[in-house]
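Asks: Below is one structure. I have some questions about it.
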Amino acid sequence: MHSYLLKTTLHYTVIEKMDVLIHLVSSLNWTYVGPCVIVTALLYYWYHRPRKFPPGPRGFPIIGVVPLVPKYLERSLTKWSKEYGPVMSVRLGGRDVVTLNDYESIHEVKLGHFITNLLKPV
């Protein structure tokens with residue numbers, strides 16, 4: 001009989017907790033919750049990169065590094081390659097772009113592409 005009372009007591013405490021949660025959610029001011037959800041989604045999108053992506057400058061949400069590029073994109077990429085390495089990623093607008101900034105990395109990618117196409121069945 002003691003275990004039945006314990007289960008009943010636990011059951012009521014779960015129901016009471018659900019009532020408190022429902023009351024809390026219903027009393028929220030949704031004019032503040034909506035913008036917070038949007039800002040959180042933008043920050044997640046900004047920090048999230050595909051898996052095993054090379055490092056690079058983050059930029060700003062939605063617009064990327066476009067405001068950070070003064071006039072010539074290639075000069076900015078050369079400067080950033082000294083900081084992040086010859087293979088780096090840059091967010092241009094809403095797209096992540098991988099850039100290759102030296103001969104060795106370009107040759108390695110072209111050789112890999114050639115081998116992949118060579119082994120592809122016809």
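Labels used: A, B, ... for chains in the order of the structure tokens, numbers from 1 for residues in each chain, and numbers from 1 for ligands as shown.
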Quick check for you: according to DSSP on this backbone, which residues of chain A are classed as alpha helix (DSSP H)? Reply as an NGL selection string.
Replies: :A and (2-26 or 30-47 or 73-84 or 103-119)
Asks: Please identify the strand (DSSP E) residues within chain A (assignment by DSSP from backbone atoms) and present them as a ChimeraX atom specification.
Replies: /A:87-92,95-100
Asks: What's the 6 Å shell around segment 48-63 of chain A, counting only C-alpha atoms, without same-chain residues fewer than 5 positions away, as number ranges by chain?
Replies: A: 84, 88-90, 93-94
Asks: I'd like the interatomic distance between atom CA of Thr31 of chain A and atom CA of Tyr44 of chain A, to a tenth of an Å.
Replies: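 About the pair atom CA of Thr31 of chain A and atom CA of Tyr44 of chain A: they are 20.9 Å apart.
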Asks: For atom CA of Val97 of chain A and atom CA of Val39 of chain A, determine how far apart the two atoms are, in Å to one decimal place.
Replies: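 Going from atom CA of Val97 of chain A over to atom CA of Val39 of chain A, I get 23.8 Å.
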Asks: Pick out the closest residue to Trp46 of chain A from this set: A:His107, A:Val33, A:Gly64, A:Thr13. Count only C-alpha atoms.
Replies: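 Selected residue with least distance to Trp46 of chain A: A:Gly64.
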Asks: So what do you get for atom CA of Asn101 of chain A versus atom CA of Tyr45 of chain A, distance-wise?
Replies: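 Distance between the two atoms: 25.9 Å.
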